[in-house]
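Colleague: Okay, so here is coords.txt, and as you'll see once you scroll down, it has compact mmCIF, C-alpha atoms.
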```
# COMPACT_ATOMS: atom_id res chain seq x y z
CA MET A 1 -60.38 29.13 -14.54
CA GLU A 2 -58.51 26.45 -12.56
CA LYS A 3 -55.22 25.20 -13.95
CA ALA A 4 -55.79 22.13 -16.12
CA VAL A 5 -53.85 18.94 -15.38
CA SER A 6 -52.99 15.93 -17.52
CA VAL A 7 -54.72 12.60 -16.94
CA SER A 8 -51.40 10.88 -16.20
CA SER A 9 -50.69 13.24 -13.28
CA LEU A 10 -53.86 12.29 -11.38
CA SER A 11 -53.46 10.02 -8.35
CA LYS A 12 -55.61 6.92 -7.92
CA ARG A 13 -57.57 8.77 -5.21
CA ASP A 14 -58.20 11.77 -7.49
CA THR A 15 -59.32 9.46 -10.29
CA THR A 16 -61.70 7.55 -7.97
CA ILE A 17 -63.24 10.79 -6.63
CA SER A 18 -63.65 12.10 -10.18
CA ILE A 19 -65.37 8.89 -11.32
CA PHE A 20 -67.72 9.09 -8.31
CA ILE A 21 -68.69 12.70 -9.09
CA ILE A 22 -69.23 11.99 -12.79
CA GLY A 23 -71.28 8.92 -11.77
CA LEU A 24 -73.54 11.21 -9.72
CA MET A 25 -73.95 13.41 -12.78
CA PHE A 26 -74.92 10.44 -14.93
CA PHE A 27 -77.55 9.56 -12.32
CA ILE A 28 -79.00 13.06 -12.70
CA PHE A 29 -78.86 12.75 -16.51
CA GLY A 30 -80.84 9.52 -16.32
CA PHE A 31 -83.43 10.79 -13.86
CA VAL A 32 -84.27 13.85 -15.94
CA SER A 33 -84.06 12.12 -19.35
CA TRP A 34 -86.03 8.97 -18.68
CA ALA A 35 -88.85 10.83 -16.94
CA ASN A 36 -89.94 11.47 -20.54
CA SER A 37 -91.19 7.87 -20.76
CA ILE A 38 -94.02 8.75 -18.34
CA LEU A 39 -94.46 12.33 -19.62
CA ILE A 40 -95.19 11.20 -23.19
CA PRO A 41 -98.35 9.17 -22.42
CA TYR A 42 -99.28 11.64 -19.66
CA PHE A 43 -99.15 14.66 -21.99
CA LYS A 44 -100.92 12.63 -24.68
CA ILE A 45 -103.92 12.36 -22.37
CA ALA A 46 -103.78 15.74 -20.60
CA CYS A 47 -103.06 17.82 -23.73
CA GLU A 48 -105.16 15.64 -26.08
CA LEU A 49 -102.40 14.74 -28.56
CA THR A 50 -101.85 12.30 -31.43
CA ASN A 51 -98.97 9.79 -31.26
CA PHE A 52 -96.87 12.08 -33.47
CA GLN A 53 -97.57 15.14 -31.30
CA ALA A 54 -96.84 13.21 -28.10
CA TYR A 55 -93.38 12.22 -29.33
CA LEU A 56 -92.55 15.90 -29.77
CA VAL A 57 -91.66 15.58 -26.06
CA ALA A 58 -88.61 13.55 -27.08
CA PHE A 59 -87.99 15.81 -30.09
CA ALA A 60 -87.95 19.05 -28.10
CA PHE A 61 -85.77 17.53 -25.39
CA TYR A 62 -83.13 15.93 -27.63
CA ILE A 63 -82.95 18.28 -30.63
CA SER A 64 -81.16 20.65 -28.27
CA TYR A 65 -78.18 18.27 -28.37
CA PHE A 66 -77.77 18.94 -32.07
CA LEU A 67 -78.00 22.71 -31.65
CA ILE A 68 -76.08 23.15 -28.39
CA SER A 69 -73.26 20.57 -28.43
CA VAL A 70 -70.72 22.48 -30.54
CA PRO A 71 -71.36 25.80 -28.73
CA ALA A 72 -71.00 23.78 -25.51
CA SER A 73 -67.49 22.68 -26.54
CA TYR A 74 -66.46 26.32 -26.98
CA LEU A 75 -68.04 27.20 -23.64
CA LEU A 76 -66.05 24.43 -21.94
CA LYS A 77 -62.86 25.58 -23.66
CA LYS A 78 -63.50 29.15 -22.48
CA VAL A 79 -64.51 28.58 -18.84
CA GLY A 80 -63.36 25.00 -18.14
CA PHE A 81 -65.20 21.81 -17.27
CA LYS A 82 -66.45 22.80 -13.81
CA LYS A 83 -67.90 26.25 -14.59
CA GLY A 84 -69.34 24.82 -17.79
CA MET A 85 -71.05 22.05 -15.81
CA MET A 86 -72.46 24.65 -13.42
CA VAL A 87 -73.96 26.54 -16.38
CA GLY A 88 -75.42 23.27 -17.65
CA PHE A 89 -77.11 22.49 -14.34
CA TRP A 90 -78.50 26.03 -14.07
CA LEU A 91 -79.90 25.88 -17.60
CA MET A 92 -81.60 22.59 -16.72
CA ALA A 93 -83.04 24.22 -13.59
CA ALA A 94 -84.50 27.01 -15.76
CA GLY A 95 -86.12 24.39 -17.98
CA ALA A 96 -87.72 22.69 -14.99
CA PHE A 97 -89.10 26.02 -13.73
CA ILE A 98 -90.69 26.68 -17.16
CA PHE A 99 -93.00 23.72 -16.48
CA ILE A 100 -94.82 25.81 -13.85
CA PRO A 101 -96.39 28.43 -16.17
CA ALA A 102 -96.86 25.74 -18.83
CA ALA A 103 -98.94 23.66 -16.42
CA TYR A 104 -101.06 26.59 -15.25
CA GLY A 105 -101.98 27.37 -18.86
CA ARG A 106 -102.02 23.71 -20.05
CA THR A 107 -99.98 24.99 -22.98
CA TYR A 108 -98.10 22.22 -24.75
CA LEU A 109 -95.81 24.63 -26.65
CA ILE A 110 -94.48 26.09 -23.38
CA PHE A 111 -93.89 22.56 -22.08
CA LEU A 112 -91.85 21.89 -25.21
CA ILE A 113 -89.80 25.06 -24.58
CA GLY A 114 -89.13 23.85 -21.04
CA LEU A 115 -88.08 20.45 -22.35
CA PHE A 116 -85.77 22.07 -24.92
CA THR A 117 -84.15 24.15 -22.17
CA LEU A 118 -83.69 21.07 -19.99
CA GLY A 119 -82.09 19.29 -22.94
CA ALA A 120 -79.81 22.25 -23.69
CA GLY A 121 -78.40 22.17 -20.17
CA LEU A 122 -78.01 18.43 -20.39
CA ALA A 123 -76.17 18.78 -23.72
CA ILE A 124 -73.55 20.96 -22.01
CA LEU A 125 -73.16 18.42 -19.20
CA GLN A 126 -72.94 15.47 -21.61
CA THR A 127 -70.36 17.29 -23.74
CA ALA A 128 -68.20 17.61 -20.63
CA ALA A 129 -68.86 14.29 -18.90
CA ASN A 130 -68.56 11.75 -21.72
CA PRO A 131 -65.03 12.63 -22.95
CA TYR A 132 -64.04 13.17 -19.31
CA ILE A 133 -64.91 9.61 -18.31
CA THR A 134 -63.58 8.19 -21.60
CA ILE A 135 -60.05 9.57 -21.12
CA LEU A 136 -59.98 9.24 -17.31
CA GLY A 137 -57.88 6.09 -17.16
CA ASP A 138 -56.69 3.19 -19.30
CA LYS A 139 -58.12 3.28 -22.84
CA GLU A 140 -58.84 -0.47 -22.90
CA ARG A 141 -61.04 -0.06 -19.82
CA ALA A 142 -63.00 2.89 -21.21
CA ALA A 143 -66.03 0.68 -21.98
CA GLN A 144 -65.88 -0.64 -18.41
CA ARG A 145 -65.94 2.89 -16.95
CA ILE A 146 -68.73 3.95 -19.32
CA SER A 147 -70.68 0.84 -18.25
CA ILE A 148 -70.42 2.00 -14.63
CA MET A 149 -71.74 5.40 -15.71
CA GLY A 150 -74.48 3.59 -17.60
CA ILE A 151 -75.57 1.78 -14.46
CA CYS A 152 -75.84 5.14 -12.68
CA ASN A 153 -77.82 6.54 -15.62
CA LYS A 154 -80.19 3.61 -16.06
CA ALA A 155 -80.71 3.05 -12.31
CA ALA A 156 -82.02 6.61 -12.23
CA GLY A 157 -84.03 5.77 -15.34
CA ILE A 158 -85.72 2.89 -13.51
CA LEU A 159 -86.61 5.19 -10.62
CA ALA A 160 -87.69 8.23 -12.65
CA PRO A 161 -90.92 6.93 -14.27
CA LEU A 162 -91.90 5.16 -11.04
CA VAL A 163 -91.24 8.25 -8.88
CA PHE A 164 -92.99 10.60 -11.30
CA ALA A 165 -95.89 8.18 -11.69
CA ALA A 166 -96.22 7.95 -7.90
CA VAL A 167 -96.29 11.76 -7.66
CA ILE A 168 -98.55 12.63 -10.60
CA LEU A 169 -100.85 9.61 -10.90
CA ARG A 170 -103.70 8.61 -8.56
CA ALA A 171 -105.27 5.23 -7.88
CA THR A 172 -108.53 6.47 -9.42
CA ASP A 173 -106.95 7.74 -12.66
CA SER A 174 -107.84 4.61 -14.67
CA GLU A 175 -111.52 5.44 -14.21
CA LEU A 176 -110.82 9.12 -14.98
CA PHE A 177 -109.05 8.32 -18.26
CA GLN A 178 -111.91 6.07 -19.36
CA SER A 179 -114.58 8.67 -18.50
CA LEU A 180 -112.96 11.67 -20.21
CA ASP A 181 -114.71 11.04 -23.54
CA SER A 182 -118.13 11.13 -21.90
CA MET A 183 -117.52 14.40 -20.03
CA SER A 184 -118.99 17.73 -21.13
CA GLY A 185 -116.64 20.49 -22.38
CA PRO A 186 -116.22 22.52 -19.15
CA GLU A 187 -116.08 19.39 -16.96
CA ARG A 188 -113.50 17.80 -19.28
CA ASN A 189 -111.32 20.93 -19.32
CA ALA A 190 -111.43 21.17 -15.52
CA ALA A 191 -110.37 17.51 -15.21
CA LEU A 192 -107.53 17.96 -17.71
CA ASP A 193 -106.36 21.18 -15.99
CA GLU A 194 -106.20 19.38 -12.64
CA LEU A 195 -104.34 16.50 -14.29
CA ILE A 196 -101.63 18.63 -15.90
CA GLN A 197 -101.06 20.82 -12.82
CA ARG A 198 -99.82 17.79 -10.93
CA VAL A 199 -96.42 18.22 -12.63
CA ILE A 200 -95.84 21.59 -10.93
CA THR A 201 -94.56 20.34 -7.56
CA PRO A 202 -92.14 17.67 -8.88
CA TYR A 203 -90.58 20.04 -11.41
CA LEU A 204 -90.31 22.83 -8.85
CA VAL A 205 -88.35 20.43 -6.63
CA VAL A 206 -86.25 19.23 -9.59
CA GLY A 207 -85.41 22.84 -10.53
CA ILE A 208 -84.23 23.70 -7.01
CA VAL A 209 -82.13 20.52 -6.76
CA LEU A 210 -80.51 21.17 -10.16
CA PHE A 211 -79.62 24.74 -9.19
CA LEU A 212 -77.95 23.53 -5.98
CA LEU A 213 -76.10 20.77 -7.84
CA GLY A 214 -74.63 23.40 -10.16
CA LEU A 215 -73.14 25.17 -7.15
CA GLY A 216 -71.94 21.86 -5.75
CA ILE A 217 -70.10 20.86 -8.93
CA ARG A 218 -68.47 24.31 -9.22
CA TYR A 219 -66.85 23.95 -5.80
CA SER A 220 -66.26 20.18 -5.90
CA PRO A 221 -62.75 18.58 -5.99
CA LEU A 222 -63.29 17.53 -9.62
CA PRO A 223 -60.04 18.41 -11.46
CA GLU A 224 -59.80 20.24 -14.78
CA ILE A 225 -58.33 17.86 -17.39
CA ASP A 226 -56.06 19.16 -20.14
CA THR A 227 -56.88 17.75 -23.59
CA ASP A 228 -55.46 20.61 -25.65
CA SER A 229 -51.73 20.63 -24.91
CA GLU A 230 -50.95 16.92 -25.19
CA ASP A 231 -47.69 15.84 -26.76
CA GLU A 232 -47.74 13.84 -29.99
CA SER A 233 -47.55 10.43 -28.29
CA VAL A 234 -50.72 11.14 -26.33
CA ALA A 235 -52.43 12.95 -29.19
CA GLY A 236 -52.34 9.80 -31.29
CA GLY A 237 -50.61 11.25 -34.34
CA THR A 238 -52.92 14.15 -35.09
CA SER A 239 -50.19 16.36 -36.58
CA GLY A 240 -51.21 17.56 -40.01
CA LYS A 241 -54.89 17.27 -39.14
CA THR A 242 -56.70 20.57 -39.46
CA SER A 243 -60.36 19.55 -39.36
CA ILE A 244 -62.55 17.24 -37.34
CA LEU A 245 -63.93 15.97 -40.68
CA GLN A 246 -60.54 14.31 -41.33
CA PHE A 247 -61.46 11.55 -38.86
CA PRO A 248 -63.90 9.22 -40.69
CA HIS A 249 -64.22 6.86 -37.73
CA LEU A 250 -65.46 9.80 -35.65
CA ILE A 251 -68.05 11.00 -38.20
CA LEU A 252 -69.29 7.45 -38.79
CA GLY A 253 -69.35 7.04 -35.02
CA ALA A 254 -71.56 10.12 -34.67
CA VAL A 255 -74.03 8.55 -37.13
CA ALA A 256 -73.86 5.36 -35.04
CA ILE A 257 -74.62 7.38 -31.89
CA PHE A 258 -77.55 9.04 -33.70
CA LEU A 259 -79.07 5.68 -34.60
CA HIS A 260 -78.21 3.96 -31.31
CA VAL A 261 -79.78 6.55 -29.03
CA GLY A 262 -82.82 6.67 -31.30
CA THR A 263 -83.32 2.92 -30.96
CA GLN A 264 -82.80 3.19 -27.21
CA VAL A 265 -85.37 5.92 -26.67
CA ILE A 266 -87.88 4.12 -28.90
CA ALA A 267 -87.47 0.95 -26.82
CA ILE A 268 -88.12 2.88 -23.61
CA ASP A 269 -90.44 5.76 -24.49
CA THR A 270 -92.84 3.79 -26.73
CA ILE A 271 -93.33 0.72 -24.58
CA ILE A 272 -96.09 2.21 -22.41
CA GLY A 273 -98.07 3.11 -25.52
CA TYR A 274 -97.40 -0.34 -26.99
CA ALA A 275 -98.67 -1.93 -23.77
CA GLY A 276 -101.77 0.27 -24.09
CA SER A 277 -102.47 -1.29 -27.51
CA MET A 278 -102.78 -4.60 -25.60
CA ASN A 279 -105.42 -3.07 -23.30
CA ILE A 280 -102.94 -2.61 -20.46
CA GLN A 281 -103.86 0.57 -18.58
CA LEU A 282 -101.29 3.30 -17.79
CA MET A 283 -101.34 2.47 -14.07
CA GLU A 284 -100.07 -1.03 -14.91
CA ALA A 285 -98.02 -0.17 -18.01
CA LYS A 286 -95.90 2.43 -16.14
CA VAL A 287 -93.48 -0.31 -15.00
CA PHE A 288 -92.47 -1.47 -18.49
CA PRO A 289 -89.82 1.25 -19.07
CA SER A 290 -88.23 0.12 -15.82
CA PHE A 291 -88.11 -3.48 -17.11
CA THR A 292 -86.28 -2.28 -20.24
CA LEU A 293 -83.83 -0.23 -18.19
CA ALA A 294 -83.28 -3.16 -15.80
CA ALA A 295 -82.31 -5.29 -18.82
CA THR A 296 -79.87 -2.53 -19.79
CA ILE A 297 -78.30 -2.59 -16.33
CA CYS A 298 -77.86 -6.37 -16.61
CA GLY A 299 -75.91 -5.74 -19.81
CA TYR A 300 -73.76 -3.11 -18.11
CA ILE A 301 -72.93 -5.52 -15.28
CA LEU A 302 -71.93 -8.18 -17.81
CA GLY A 303 -69.76 -5.56 -19.51
CA ILE A 304 -68.00 -4.64 -16.28
CA ILE A 305 -67.30 -8.30 -15.55
CA CYS A 306 -66.29 -9.39 -19.05
CA ILE A 307 -64.52 -6.34 -20.59
CA PRO A 308 -61.58 -6.54 -21.21
CA LYS A 309 -60.85 -9.74 -19.23
CA TYR A 310 -62.88 -12.13 -21.37
CA ILE A 311 -63.96 -10.17 -24.45
CA SER A 312 -62.84 -6.91 -26.03
CA GLN A 313 -65.11 -3.88 -26.15
CA VAL A 314 -65.26 -4.27 -29.95
CA THR A 315 -66.52 -7.85 -29.62
CA ALA A 316 -69.13 -6.72 -27.08
CA LEU A 317 -70.27 -4.03 -29.54
CA ARG A 318 -70.62 -6.61 -32.31
CA ILE A 319 -72.65 -8.95 -30.09
CA CYS A 320 -75.02 -6.21 -28.91
CA THR A 321 -75.68 -4.71 -32.34
CA SER A 322 -76.40 -8.16 -33.81
CA LEU A 323 -78.74 -8.95 -30.90
CA GLY A 324 -80.65 -5.71 -31.55
CA LEU A 325 -81.16 -6.74 -35.18
CA ILE A 326 -82.49 -10.17 -34.17
CA LEU A 327 -84.84 -8.74 -31.51
CA THR A 328 -86.31 -6.22 -33.98
CA ILE A 329 -87.29 -9.07 -36.29
CA LEU A 330 -88.82 -10.97 -33.35
CA ILE A 331 -90.85 -7.91 -32.25
CA VAL A 332 -92.47 -7.56 -35.66
CA PHE A 333 -93.04 -11.23 -36.49
CA THR A 334 -93.96 -12.86 -33.17
CA SER A 335 -97.34 -12.72 -31.47
CA GLY A 336 -99.36 -14.50 -28.84
CA PRO A 337 -100.36 -13.80 -25.24
CA VAL A 338 -98.02 -14.76 -22.39
CA ASN A 339 -98.26 -14.22 -18.66
CA PHE A 340 -94.92 -13.08 -17.25
CA MET A 341 -93.87 -10.94 -14.28
CA GLY A 342 -97.55 -10.62 -13.34
CA HIS A 343 -98.55 -9.11 -16.71
CA THR A 344 -100.57 -10.71 -19.48
CA ALA A 345 -99.34 -9.23 -22.75
CA ASP A 346 -98.30 -10.12 -26.29
CA ILE A 347 -94.92 -11.87 -26.28
CA SER A 348 -93.48 -9.20 -28.59
CA ILE A 349 -93.46 -6.62 -25.78
CA TRP A 350 -90.85 -8.72 -23.94
CA PHE A 351 -88.59 -8.53 -26.99
CA VAL A 352 -88.93 -4.73 -26.74
CA VAL A 353 -87.86 -5.07 -23.10
CA LEU A 354 -84.84 -7.17 -24.18
CA LEU A 355 -83.75 -4.36 -26.49
CA GLY A 356 -82.50 -2.85 -23.24
CA LEU A 357 -79.96 -5.69 -23.05
CA ALA A 358 -78.99 -5.29 -26.70
CA ASN A 359 -78.51 -1.53 -26.33
CA SER A 360 -76.53 -1.75 -23.09
CA LEU A 361 -72.95 -1.85 -24.41
CA ILE A 362 -73.40 -0.06 -27.75
CA TRP A 363 -72.84 3.45 -26.36
CA ALA A 364 -69.87 2.23 -24.31
CA GLY A 365 -68.44 0.52 -27.39
CA ILE A 366 -68.82 3.45 -29.79
CA TRP A 367 -67.30 6.22 -27.65
CA PRO A 368 -63.72 4.94 -27.21
CA LEU A 369 -63.60 3.72 -30.82
CA ALA A 370 -64.84 7.05 -32.20
CA LEU A 371 -62.52 9.18 -30.00
CA ASP A 372 -59.47 6.99 -30.60
CA GLY A 373 -56.48 9.07 -31.72
CA LEU A 374 -58.24 12.45 -31.68
CA GLY A 375 -55.82 14.03 -29.19
CA LYS A 376 -56.27 17.81 -29.21
CA PHE A 377 -59.50 17.35 -31.16
CA THR A 378 -61.05 15.34 -28.29
CA LYS A 379 -63.41 18.06 -26.97
CA LEU A 380 -64.68 18.98 -30.43
CA GLY A 381 -64.93 15.29 -31.34
CA ALA A 382 -67.00 14.70 -28.22
CA SER A 383 -69.28 17.56 -29.27
CA VAL A 384 -69.81 15.91 -32.66
CA LEU A 385 -70.75 12.66 -30.93
CA ILE A 386 -73.09 14.49 -28.55
CA MET A 387 -74.76 16.07 -31.59
CA GLY A 388 -75.65 12.52 -32.54
CA LEU A 389 -77.95 12.44 -29.51
CA CYS A 390 -80.52 14.29 -31.60
CA GLY A 391 -81.36 10.79 -32.83
CA ASN A 392 -83.45 10.69 -29.67
CA ALA A 393 -85.43 13.58 -31.16
CA ILE A 394 -85.80 12.37 -34.75
CA LEU A 395 -86.36 8.61 -34.67
CA PRO A 396 -89.30 8.60 -32.21
CA LEU A 397 -91.12 10.97 -34.60
CA PHE A 398 -90.68 8.42 -37.38
CA TYR A 399 -92.03 5.77 -35.03
CA GLY A 400 -95.01 7.98 -34.09
CA TYR A 401 -95.69 8.80 -37.76
CA PHE A 402 -95.75 5.14 -38.81
CA ALA A 403 -97.73 4.21 -35.69
CA ASP A 404 -100.46 6.65 -36.76
CA ILE A 405 -100.42 5.34 -40.35
CA PHE A 406 -100.12 1.61 -39.62
CA ASP A 407 -100.03 0.43 -36.00
CA LEU A 408 -97.72 0.51 -32.99
CA LYS A 409 -96.22 -2.91 -33.72
CA THR A 410 -95.49 -2.38 -37.42
CA ALA A 411 -93.82 0.94 -36.57
CA TYR A 412 -90.99 -0.98 -34.88
CA TRP A 413 -89.64 -1.67 -38.39
CA VAL A 414 -87.99 1.75 -37.94
CA LEU A 415 -85.40 -0.03 -35.79
CA PHE A 416 -84.25 -2.44 -38.50
CA PRO A 417 -82.08 -0.16 -40.70
CA CYS A 418 -80.66 1.42 -37.54
CA TYR A 419 -79.29 -1.89 -36.29
CA VAL A 420 -78.01 -2.80 -39.78
CA TYR A 421 -75.83 0.33 -39.72
CA LEU A 422 -74.71 -0.31 -36.14
CA VAL A 423 -73.56 -3.81 -37.12
CA PHE A 424 -71.59 -2.22 -39.99
CA TYR A 425 -69.88 0.25 -37.64
CA ALA A 426 -69.02 -2.52 -35.19
CA LEU A 427 -67.53 -4.71 -37.92
CA LYS A 428 -65.89 -2.20 -40.25
CA GLY A 429 -66.83 1.46 -39.78
CA HIS A 430 -64.70 2.13 -36.69
CA GLN A 431 -61.56 0.98 -38.56
CA ILE A 432 -61.86 3.50 -41.41
CA ARG A 433 -59.19 6.19 -41.14
CA LYS A 434 -59.36 7.73 -44.62
CA TRP A 435 -62.32 8.74 -46.76
CA SER A 436 -62.47 6.64 -49.90
CA ILE A 437 -65.13 5.31 -52.26
CA ILE A 438 -62.95 2.30 -53.08
```
Using structure tokens, write down the structure that the file contains.

Modeller:
Amino acid sequence: MEKAVSVSSLSKRDTTISIFIIGLMFFIFGFVSWANSILIPYFKIACELTNFQAYLVAFAFYISYFLISVPASYLLKKVGFKKGMMVGFWLMAAGAFIFIPAAYGRTYLIFLIGLFTLGAGLAILQTAANPYITILGDKERAAQRISIMGICNKAAGILAPLVFAAVILRATDSELFQSLDSMSGPERNAALDELIQRVITPYLVVGIVLFLLGLGIRYSPLPEIDTDSEDESVAGGTSGKTSILQFPHLILGAVAIFLHVGTQVIAIDTIIGYAGSMNIQLMEAKVFPSFTLAATICGYILGIICIPKYISQVTALRICTSLGLILTILIVFTSGPVNFMGHTADISIWFVVLLGLANSLIWAGIWPLALDGLGKFTKLGASVLIMGLCGNAILPLFYGYFADIFDLKTAYWVLFPCYVYLVFYALKGHQIRKWSII
């Protein structure tokens, strides 16, 4: 393992190169993760699934964060950031390759195994990259750096559903989807087999690229950063602390991450289905996740400009969480057709799009607040926060369950308690340093 260095010893050039490399990684994270927004409705059709079953795509992908994050922290401690990142990329490549036999057999369970493996590799990479970028520079500018990473992530997210849709969808698919119900058994199975096998080529390419990226990161100039042998002034007064559970602001922050990422994935991964409830076909609806992610990028840009020059990262967090709460109420209670951006849809779908703006600076606000003062516990603390990403797995299932029972619009009530808690963390939760019922 390479010799670890302290953050303070890095030159400006080393820091800039490191930020660039981590930015590339966040682009990859976004491309692989947000492809799920097109896979969910695609699998729903090709594998003949209910709403609940379709959102198992998100569950299988993100539950790996809960299971893998803490082992990932020990892996990184054992082999270092760079070798650990290589392992993460290679695990993701294996997940992409699993899509090939899954497609040939049109077996949804094998697809879910592939998605879990992709998520497991991504969990290792996230466990390394998020604390890395958080501590790589001035603490007050952490939200600014994370916002830059967010732009890389969400820019890839805008491209992913459009690229995958361009590769796996055909101009004649609208007619195919409408005629499936009238097809005979053998004819229907043949059409569905042809439909699902379209994912083979893109995921073969993705697997090869991920394998090569693992090699590239291993031999890149990215430095190993030392977070374990900091002196007391850097460690933030962690002497006497023996457990990660002794940091309430971290544990409450992990819950906030759980709820935040769940609201984010609901806003993006459900919007195509919600558009479908307005009789907007998949070929047209495929652009709506990109609208939501574009709104998120607008928020990131505002964050880069305004933090910390005009507002603090805590103030930005409070604004965004409050906006999410307001937009949730508007989604549920507003209705009426509007024509905007070339689409005629219920006005409420545009409030779902604006959730992208509300969610933009929440992640960037939570991370530095939750990791504040952890010192030698930083890597393990980051793992706890990454575990919170399983919110992406759990909350969409609640949405799918209520969508099946009630309707797609009413199911957005799931977001309300999430934003209530996020407002609490922004106002009070991040300041708590001792567990107390008083």

Colleague: What separation in Å, quoted to one decimal, exists between CA of Met86 in chain A and CA of Arg218 in chain A?

Modeller: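 Between CA of Met86 in chain A and CA of Arg218 in chain A the gap is 5.8 Å.
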
Colleague: With range 153-156 of chain A as the partner and 12 Å as the cut-off, tabulate the residues of range 336-432 of chain A that qualify, each row holding the nearest pair of atoms and their distance in Å to one decimal, using all atoms listed in the file, sorted by chain and rising number, as CSV.

Modeller:
```
residue,atom,partner,partner_atom,distance
A:Gly356,CA,A:Lys154,CA,9.9
A:Leu357,CA,A:Lys154,CA,11.6
A:Asn359,CA,A:Lys154,CA,11.6
A:Ser360,CA,A:Lys154,CA,9.6
```

Colleague: Would you list the residues near (-92.4, 13.9, -29.0), meaning any protein, DNA or RNA residue with an atom at most 12 Å from that point in file coordinates, counting only C-alpha atoms, as a ChimeraX atom specification?

Modeller: /A:36-44,49-63,108-109,111-112,115-116,265-266,269-270,392-401

Colleague: Counting all atoms listed in the file, which residues of range 66-163 of chain A fall within 10 Å of range 195-209 of chain A, and what is the closest atom pair for each with its distance in Å at one decimal, ordered by chain and rising number, as JSON lines?

Modeller:
```
{"residue": "A:Phe89", "atom": "CA", "partner": "A:Gly207", "partner_atom": "CA", "distance": 9.1}
{"residue": "A:Trp90", "atom": "CA", "partner": "A:Gly207", "partner_atom": "CA", "distance": 8.4}
{"residue": "A:Leu91", "atom": "CA", "partner": "A:Gly207", "partner_atom": "CA", "distance": 9.5}
{"residue": "A:Met92", "atom": "CA", "partner": "A:Gly207", "partner_atom": "CA", "distance": 7.3}
{"residue": "A:Ala93", "atom": "CA", "partner": "A:Gly207", "partner_atom": "CA", "distance": 4.1}
{"residue": "A:Ala94", "atom": "CA", "partner": "A:Gly207", "partner_atom": "CA", "distance": 6.8}
{"residue": "A:Gly95", "atom": "CA", "partner": "A:Gly207", "partner_atom": "CA", "distance": 7.6}
{"residue": "A:Ala96", "atom": "CA", "partner": "A:Gly207", "partner_atom": "CA", "distance": 5.0}
{"residue": "A:Phe97", "atom": "CA", "partner": "A:Gly207", "partner_atom": "CA", "distance": 5.8}
{"residue": "A:Ile98", "atom": "CA", "partner": "A:Tyr203", "partner_atom": "CA", "distance": 8.8}
{"residue": "A:Phe99", "atom": "CA", "partner": "A:Ile200", "partner_atom": "CA", "distance": 6.6}
{"residue": "A:Ile100", "atom": "CA", "partner": "A:Ile200", "partner_atom": "CA", "distance": 5.2}
{"residue": "A:Pro101", "atom": "CA", "partner": "A:Ile200", "partner_atom": "CA", "distance": 8.6}
{"residue": "A:Ala102", "atom": "CA", "partner": "A:Gln197", "partner_atom": "CA", "distance": 8.8}
{"residue": "A:Ala103", "atom": "CA", "partner": "A:Gln197", "partner_atom": "CA", "distance": 5.1}
{"residue": "A:Tyr104", "atom": "CA", "partner": "A:Gln197", "partner_atom": "CA", "distance": 6.3}
{"residue": "A:Gly105", "atom": "CA", "partner": "A:Gln197", "partner_atom": "CA", "distance": 9.0}
{"residue": "A:Arg106", "atom": "CA", "partner": "A:Ile196", "partner_atom": "CA", "distance": 6.6}
{"residue": "A:Thr107", "atom": "CA", "partner": "A:Ile196", "partner_atom": "CA", "distance": 9.7}
{"residue": "A:Leu118", "atom": "CA", "partner": "A:Gly207", "partner_atom": "CA", "distance": 9.8}
{"residue": "A:Val163", "atom": "CA", "partner": "A:Pro202", "partner_atom": "CA", "distance": 9.5}
```

Colleague: Ranking A:Ala190, A:Leu212, A:Leu427, A:Ile362 by minimum distance to Val87 in chain A and counting only C-alpha atoms, which one comes first?

Modeller: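 Of all the options, A:Leu212 lies closest to Val87 in chain A.
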
Colleague: Go ahead and compute the interatomic distance for CA of Ala285 in chain A and CA of Val352 in chain A, in Å to one decimal.

Modeller: 13.4 Å

Colleague: Can you measure CA of Leu354 in chain A to CA of Leu327 in chain A for me? One decimal in Å is fine.

Modeller: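 Result for CA of Leu354 in chain A versus CA of Leu327 in chain A: 7.5 Å, one decimal.
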
Colleague: Nearest to Cys320 in chain A: which of A:Ile305, A:Leu24, A:Ile366, A:Ala191 is it, counting only C-alpha atoms?

Modeller: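 Of all the options, A:Ile366 lies closest to Cys320 in chain A.
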
Colleague: Quick one: of A:Ile257, A:Ile297, A:Val287, A:Leu215, who's nearest to His343 in chain A, counting all atoms listed in the file?

Modeller: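 Among the listed residues, A:Val287 lies closest to His343 in chain A.
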
Colleague: Smallest atom-to-atom distance to Ala316 in chain A: which of A:Cys418, A:Met149, A:Ile217, A:Ala426, using all atoms listed in the file?

Modeller: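 For Ala316 in chain A, the nearest of the candidates is A:Ala426.
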